[in-house]
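J.: Let me give you the structure first, and then I'll get to my questions.
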Amino acid sequence: DEVTFSFDKENSLLKIQGTGDMEIYNDDDTLPWNDYCEDIKHLVIEDGVTCVSSYAFCICENLEDAVIADSVLSIGESAFLACISLKSVKLPANLQTIGKTAFCCCEALTEIDIPDTVTVLDEDVFNSCPLLSMVKLPKNLTDICSNAFFECTSLKEVFLPEGVTIIGTDAFSSCTNLRRIYLPLPLKTVAASAFSDCSALKDVYYAGSKTQWADVKIGADNKFLTSAEIHYNVTEADLAQLGEITDDNTQDDGNTTTKTIKTTIKLSKSSAKVYAKKKYKLSYKVKNGKGKTTFKSLNKKVAKVSKKGIITAVKKGKAKITIINNGVKKVFTVKVINPKLNKKSIKLKKNKTFKIKIKGKAGKQTYTSNKKSVASVNKKGKVKAKKKGTAYIIVKTNGVKLKLKVKVI
């Protein structure tokens with residue numbers, strides 16, 4: 001089996017073709033289409049491919065649509081993470097699993113039709129998709145994991161399939177426009193904060209009786225769920241009678257109409273490269289904001305962010321930082337890179353010297369030679385050739401090791 005790709009630059013189209021699973025990629029630098037990521041707007045995964053690898057398209061910020069063949073059975077973790085321009089995705093009819101954070105922070109995604117073959121919605125799978133308003137859940141769904149629809153602020157109603165038994169922690173938290181939800185009879189557990197900050201939730205339609213509702217385990221911080229009006233013994237026929245939820249963007253007092261003023265967040269730039277162990281201050285402006293602006297890193301192993309918006313680069317990799325105010329979110333991409341030596345290898349004549357320079361250094365540096373008889377190095381990074389041979393100078397900086405090859409001639 002072999003999976004290959006082709007890129008049509010004129011049409012901004014990336015095609016993945018072949019048979020079997022895609023390769024496993026450790027980071028975005030190893031993606032075969034890495035050089036084209038900024039130009040990709042359309043994606044087609046052709047019949048024969050069976051798996052979309054983790055992180056496969058997470059750096060394609062201009063990707064607008066994706067069509068995935070029915071032969072694909074799984075979509076890996078963070079496969080489309082922070083594809084902020086992604087508007088539509090055709091999921092394969094035979095899809096079985098969708099990895100955690102697979103579509104997290106897809107800011108332009110408006111609707112999704114999940115095939116019935118999927119039984120679990122993993123952690124953060126649609127976290128922070130602010131325009132997602134239409135979701136068709138699979139009939140065979142049993143578990144909705146933590147943060148699955150966290151901050152999907154355009155969701156107004158959700159109808160859970162009859163097999164759902166568990167709603168995880170923060171699953172629908174901060175869905176500030178969620179007004180009604182249907183809960184099936186098999187439901188056993190609503191975890192803590194599953195519906196926290198769902199201040200618009202007014203109606204809960206439950207398939208069981210009042211007695212059966214009392215047996216459902218509802219965790220802490222779900223006051224908007226428990227204080228909503230509970231409609232018991234609801235049938236499909238009852239649901240069919242429900243009218244559409246209309247937008248209400250104005251308040252009319254009989255004399256004047258007051259328009260809702262929207263909060264906006266503007267970043268001075270959407271991404272940056274930061275050397276490991278260094279800091280970076282986010283530059284942004286909030287207009288018509290409400291309360292505090294908060295920040296969150298979606299990959300704390302790569303980069304952390306403080307309450308004041310100061311990013312600390314931890315180790316090489318890529319992380320998304322979210323900036324949130326009043327339910328409005330922007331995503332900033334930070335790529336953490338390692339420092340670099342001014343040379344990877346050098347040739348020196350006996351008694352000659354070379355000064356090591358480090359681009360992007362942070363903290364304390366140490367220098368050691370594996371063969372001091374061939375080439376020595378002092379604590380300031382000055383190399384001196386001693387006798388013919390090859391030595392390696394090990395430089396420790398920013399929490400990583402760098403190597404300089406020294407050949408004495």
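Convention: chains lettered A, B, ... in structure tokens order; per-chain residue numbering from 1; ligands numbered from 1 as shown.
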Within 7 Å of Ser154 of chain A, counting only C-alpha atoms, which residues qualify if same-chain residues fewer than 6 places away don't, as a PyMOL selection string?

T.: chain A and resi 130-133+177

J.: Determine, counting only C-alpha atoms, which protein, DNA and RNA residues have an atom within 9 Å of an atom of Ile409 of chain A; residues of the same chain fewer than 2 positions away are not included. Present the result as a list in words.

T.: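 Surrounding residues, per the criterion: Lys347, Leu348, Lys349, Lys350, Ala385, Lys387, Lys388, Gly389, Thr390 and Lys407 of chain A.
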
J.: Write a file of the selected residues as an mmCIF file, in the first residue's frame, keeping all heavy atoms.

T.:
```cif
data_model
loop_
_atom_site.group_PDB
_atom_site.id
_atom_site.type_symbol
_atom_site.label_atom_id
_atom_site.label_comp_id
_atom_site.auth_asym_id
_atom_site.auth_seq_id
_atom_site.Cartn_x
_atom_site.Cartn_y
_atom_site.Cartn_z
ATOM 1 N N LYS A 347 36.203 23.646 9.333
ATOM 2 C CA LYS A 347 37.549 23.100 9.206
ATOM 3 C C LYS A 347 38.525 24.132 9.744
ATOM 4 O O LYS A 347 38.432 25.318 9.406
ATOM 5 C CB LYS A 347 37.872 22.787 7.746
ATOM 6 C CG LYS A 347 37.074 21.628 7.173
ATOM 7 C CD LYS A 347 37.464 21.367 5.717
ATOM 8 C CE LYS A 347 36.677 20.200 5.139
ATOM 9 N NZ LYS A 347 37.047 19.921 3.723
ATOM 10 N N LEU A 348 39.430 23.701 10.603
ATOM 11 C CA LEU A 348 40.416 24.608 11.191
ATOM 12 C C LEU A 348 41.824 24.019 11.070
ATOM 13 O O LEU A 348 41.997 22.795 11.169
ATOM 14 C CB LEU A 348 40.119 24.835 12.680
ATOM 15 C CG LEU A 348 38.882 25.650 13.060
ATOM 16 C CD1 LEU A 348 38.746 25.693 14.575
ATOM 17 C CD2 LEU A 348 38.960 27.057 12.493
ATOM 18 N N LYS A 349 42.776 24.891 10.872
ATOM 19 C CA LYS A 349 44.169 24.474 10.938
ATOM 20 C C LYS A 349 44.617 24.507 12.396
ATOM 21 O O LYS A 349 44.027 25.202 13.225
ATOM 22 C CB LYS A 349 45.043 25.391 10.094
ATOM 23 C CG LYS A 349 44.793 25.260 8.599
ATOM 24 C CD LYS A 349 45.731 26.154 7.804
ATOM 25 C CE LYS A 349 45.511 25.982 6.300
ATOM 26 N NZ LYS A 349 46.425 26.847 5.510
ATOM 27 N N LYS A 350 45.663 23.762 12.699
ATOM 28 C CA LYS A 350 46.168 23.669 14.060
ATOM 29 C C LYS A 350 46.441 25.056 14.641
ATOM 30 O O LYS A 350 46.986 25.931 13.973
ATOM 31 C CB LYS A 350 47.446 22.833 14.069
ATOM 32 C CG LYS A 350 47.990 22.553 15.462
ATOM 33 C CD LYS A 350 49.231 21.675 15.387
ATOM 34 C CE LYS A 350 49.802 21.447 16.778
ATOM 35 N NZ LYS A 350 51.026 20.600 16.739
ATOM 36 N N ALA A 385 41.732 24.719 17.663
ATOM 37 C CA ALA A 385 42.196 23.470 17.048
ATOM 38 C C ALA A 385 43.519 23.048 17.683
ATOM 39 O O ALA A 385 44.433 23.864 17.820
ATOM 40 C CB ALA A 385 42.363 23.661 15.553
ATOM 41 N N LYS A 387 45.043 19.332 17.247
ATOM 42 C CA LYS A 387 45.777 18.419 16.382
ATOM 43 C C LYS A 387 44.819 17.816 15.359
ATOM 44 O O LYS A 387 43.596 17.927 15.489
ATOM 45 C CB LYS A 387 46.452 17.317 17.188
ATOM 46 C CG LYS A 387 45.496 16.325 17.818
ATOM 47 C CD LYS A 387 46.247 15.204 18.519
ATOM 48 C CE LYS A 387 45.294 14.146 19.059
ATOM 49 N NZ LYS A 387 45.999 13.036 19.710
ATOM 50 N N LYS A 388 45.359 17.181 14.335
ATOM 51 C CA LYS A 388 44.525 16.626 13.273
ATOM 52 C C LYS A 388 43.530 15.603 13.817
ATOM 53 O O LYS A 388 43.852 14.797 14.690
ATOM 54 C CB LYS A 388 45.396 15.967 12.204
ATOM 55 C CG LYS A 388 46.109 16.949 11.299
ATOM 56 C CD LYS A 388 46.836 16.221 10.175
ATOM 57 C CE LYS A 388 47.508 17.213 9.228
ATOM 58 N NZ LYS A 388 48.199 16.523 8.100
ATOM 59 N N GLY A 389 42.323 15.664 13.243
ATOM 60 C CA GLY A 389 41.277 14.747 13.669
ATOM 61 C C GLY A 389 39.915 15.430 13.620
ATOM 62 O O GLY A 389 39.775 16.552 13.119
ATOM 63 N N THR A 390 38.923 14.741 14.139
ATOM 64 C CA THR A 390 37.556 15.279 14.154
ATOM 65 C C THR A 390 37.002 15.265 15.573
ATOM 66 O O THR A 390 37.120 14.271 16.293
ATOM 67 C CB THR A 390 36.626 14.451 13.249
ATOM 68 O OG1 THR A 390 37.131 14.490 11.914
ATOM 69 C CG2 THR A 390 35.214 15.015 13.260
ATOM 70 N N LYS A 407 36.666 19.767 12.147
ATOM 71 C CA LYS A 407 37.700 18.939 11.513
ATOM 72 C C LYS A 407 38.999 19.729 11.500
ATOM 73 O O LYS A 407 39.086 20.794 10.882
ATOM 74 C CB LYS A 407 37.293 18.545 10.102
ATOM 75 C CG LYS A 407 38.258 17.562 9.473
ATOM 76 C CD LYS A 407 37.756 17.082 8.111
ATOM 77 C CE LYS A 407 38.694 16.034 7.525
ATOM 78 N NZ LYS A 407 38.224 15.540 6.207
#
```

J.: Given only C-alpha atoms, how would the per-residue table for segment 329-376 of chain A near segment 93-115 of chain A read, listing every residue at most 10 Å away with its closest atom pair and distance in Å to one decimal, sorted by chain and number, as CSV?

T.:
```
residue,atom,partner,partner_atom,distance
A:Lys329,CA,A:Glu107,CA,8.5
A:Lys330,CA,A:Glu107,CA,8.4
A:Val331,CA,A:Cys105,CA,7.5
```

J.: Residues of the last selection are to be written out with C-alpha atoms, as a PDB file, in the first residue's frame.

T.:
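Output saved as result-v7.pdb:
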```pdb
ATOM      1  CA  LYS A 329     -12.544  34.106  19.642  1.00  0.00           C
ATOM      2  CA  LYS A 330      -9.415  34.588  17.586  1.00  0.00           C
ATOM      3  CA  VAL A 331      -6.662  32.026  17.053  1.00  0.00           C
TER       4      VAL A 331
END
```

J.: Quick one: everything within 7 Å of Asp21 of chain A, counting only C-alpha atoms, minus sequence neighbours fewer than 2 positions away in the same chain. Send it as a CSV table (one decimal) with C-alpha atoms, in the first residue's frame.

T.:
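Generated file (around18.csv):
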```csv
chain,number,residue,atom,x,y,z
A,19,THR,CA,-4.3,2.8,-1.1
A,23,GLU,CA,1.9,8.0,6.9
A,49,VAL,CA,-7.1,5.9,1.2
A,50,THR,CA,-8.3,4.4,4.5
A,51,CYS,CA,-7.0,6.8,7.2
```

J.: Of the candidates A:Val274, A:Val400, A:Ile167, A:Ile16, which shows the shortest atom-to-atom distance to Val216 of chain A, using only C-alpha atoms?

T.: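 The shortest atom-to-atom distance to Val216 of chain A comes from A:Ile167.
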
J.: Find the residues around Cys175 of chain A up to 7 Å (only C-alpha atoms counted), leave out those fewer than 2 positions away in its own chain, and share them as a list of chain:residue names.

T.: A:Phe150, A:Glu151, A:Cys152, A:Thr153, A:Leu155, A:Phe172, A:Ser173, A:Asn177, A:Leu178, A:Cys198

J.: Could the residues in this selection be written to a file with C-alpha atoms, as a PDB file, in the first residue's frame?

T.:
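Dumped to result.pdb:
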```
ATOM      1  CA  PHE A 150     -17.230  23.793  23.826  1.00  0.00           C
ATOM      2  CA  GLU A 151     -17.852  27.424  22.774  1.00  0.00           C
ATOM      3  CA  CYS A 152     -19.841  26.560  19.659  1.00  0.00           C
ATOM      4  CA  THR A 153     -21.651  29.836  20.123  1.00  0.00           C
ATOM      5  CA  LEU A 155     -25.553  26.296  18.135  1.00  0.00           C
ATOM      6  CA  PHE A 172     -21.634  22.023  25.528  1.00  0.00           C
ATOM      7  CA  SER A 173     -20.125  24.560  27.899  1.00  0.00           C
ATOM      8  CA  ASN A 177     -26.979  30.669  22.145  1.00  0.00           C
ATOM      9  CA  LEU A 178     -28.134  27.121  22.846  1.00  0.00           C
ATOM     10  CA  CYS A 198     -25.448  28.080  28.485  1.00  0.00           C
TER      11      CYS A 198
END
```

J.: Considering only strand (DSSP E or B) as DSSP defines it on the backbone, what residues of segment 113-316 of chain A qualify? List them as a ChimeraX atom specification.

T.: /A:113,120-121,134-136,143-144,157-159,166-167,180-183,189-190,203-206,217-218,229-231,250-252,257-259,264-267,271-275,279-281,284-287,294-297,303-305,310-313

J.: Interatomic distance between atom CA of Ile358 of chain A and atom CA of Ala276 of chain A?

T.: 12.7 Å

J.: Excluding Lys364 of chain A and residues on its chain fewer than 6 positions from it, collect all residues at most 10 Å away from it, counting only C-alpha atoms, and give them as a ChimeraX atom specification.

T.: /A:396-399

J.: Restricting the calculation to only C-alpha atoms: of A:Gly381, A:Thr368, A:Ile323, A:Pro32, which residue gets closest to Ile393 of chain A?

T.: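 Under the stated criterion, the closest residue is A:Thr368.
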
J.: For Ala240 of chain A, please output as a short mmCIF file (atom, residue, chain, number, x, y, z; two decimals) with all heavy atoms, in the first residue's frame all residues within 12 Å (counting only C-alpha atoms; exclusion window: fewer than 4 positions along the same chain).

T.:
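Saved the output as result.cif:
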```cif
data_model
loop_
_atom_site.label_atom_id
_atom_site.label_comp_id
_atom_site.auth_asym_id
_atom_site.auth_seq_id
_atom_site.Cartn_x
_atom_site.Cartn_y
_atom_site.Cartn_z
N PHE A 159 -30.33 17.88 19.07
CA PHE A 159 -31.17 16.70 19.28
C PHE A 159 -30.26 15.48 19.39
O PHE A 159 -29.69 15.04 18.39
CB PHE A 159 -32.17 16.55 18.13
CG PHE A 159 -33.12 17.71 18.01
CD1 PHE A 159 -32.84 18.78 17.15
CD2 PHE A 159 -34.28 17.76 18.76
CE1 PHE A 159 -33.70 19.85 17.05
CE2 PHE A 159 -35.15 18.84 18.66
CZ PHE A 159 -34.86 19.88 17.81
N TYR A 182 -32.78 18.13 23.06
CA TYR A 182 -33.53 16.90 23.28
C TYR A 182 -32.60 15.86 23.87
O TYR A 182 -31.52 15.58 23.34
CB TYR A 182 -34.12 16.37 21.97
CG TYR A 182 -34.71 14.98 22.11
CD1 TYR A 182 -35.91 14.78 22.76
CD2 TYR A 182 -34.00 13.87 21.62
CE1 TYR A 182 -36.43 13.50 22.92
CE2 TYR A 182 -34.51 12.59 21.78
CZ TYR A 182 -35.72 12.41 22.43
OH TYR A 182 -36.23 11.15 22.59
N VAL A 234 -41.39 13.18 25.86
CA VAL A 234 -41.42 13.80 24.53
C VAL A 234 -41.17 12.73 23.46
O VAL A 234 -40.26 11.91 23.58
CB VAL A 234 -40.36 14.92 24.42
CG1 VAL A 234 -40.32 15.50 23.01
CG2 VAL A 234 -40.65 16.01 25.44
N THR A 235 -41.98 12.74 22.42
CA THR A 235 -41.85 11.78 21.31
C THR A 235 -41.31 12.48 20.07
O THR A 235 -41.21 13.72 20.02
CB THR A 235 -43.21 11.16 20.98
OG1 THR A 235 -44.08 12.20 20.49
CG2 THR A 235 -43.83 10.52 22.22
N GLU A 236 -40.99 11.67 19.05
CA GLU A 236 -40.53 12.24 17.79
C GLU A 236 -41.62 13.12 17.17
O GLU A 236 -41.32 14.14 16.54
CB GLU A 236 -40.14 11.13 16.82
CG GLU A 236 -38.84 10.42 17.19
CD GLU A 236 -38.39 9.45 16.11
OE1 GLU A 236 -38.96 9.51 14.99
OE2 GLU A 236 -37.47 8.65 16.36
N GLU A 244 -39.21 26.63 14.19
CA GLU A 244 -37.82 27.02 14.07
C GLU A 244 -37.49 28.12 15.07
O GLU A 244 -38.33 28.94 15.42
CB GLU A 244 -37.52 27.51 12.65
CG GLU A 244 -37.55 26.41 11.60
CD GLU A 244 -37.11 26.92 10.25
OE1 GLU A 244 -36.64 28.08 10.19
OE2 GLU A 244 -37.22 26.18 9.27
#
```

J.: Fewer than 2 positions away in the same chain doesn't count, so skip those; otherwise give me all residues within 9 Å of Lys335 of chain A, counting only C-alpha atoms, as a VMD selection string.

T.: chain A and resid 271 to 275 302 to 303 313 316 to 320 333 337

J.: Kindly give the distance, in Å, that separates atom CA of Thr366 of chain A and atom CA of Lys315 of chain A, rounded to a single decimal.

T.: 18.5 Å

J.: Rank A:Leu13, A:Val377, A:Ile311, A:Leu187 by their smallest atom-to-atom distance to Val336 of chain A, using only C-alpha atoms, and report the top residue only.

T.: A:Ile311

J.: Rounded to one decimal place, report the atom CA of Ser146 of chain A-atom CA of Tyr25 of chain A distance in Å.

T.: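 Computed distance, atom CA of Ser146 of chain A to atom CA of Tyr25 of chain A, equals 25.4 Å.
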
J.: From the list A:Ala192, A:Leu282, A:Ile321, A:Val52, which residue is nearest Lys308 of chain A when using only C-alpha atoms?

T.: A:Leu282

J.: Compare A:Val164, A:Val314, A:Leu14, A:Ala362 by their minimum atom-to-atom distance to Glu64 of chain A, counting only C-alpha atoms, and give me the closest one.

T.: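 Ranked by minimum distance to Glu64 of chain A, first place goes to A:Leu14.
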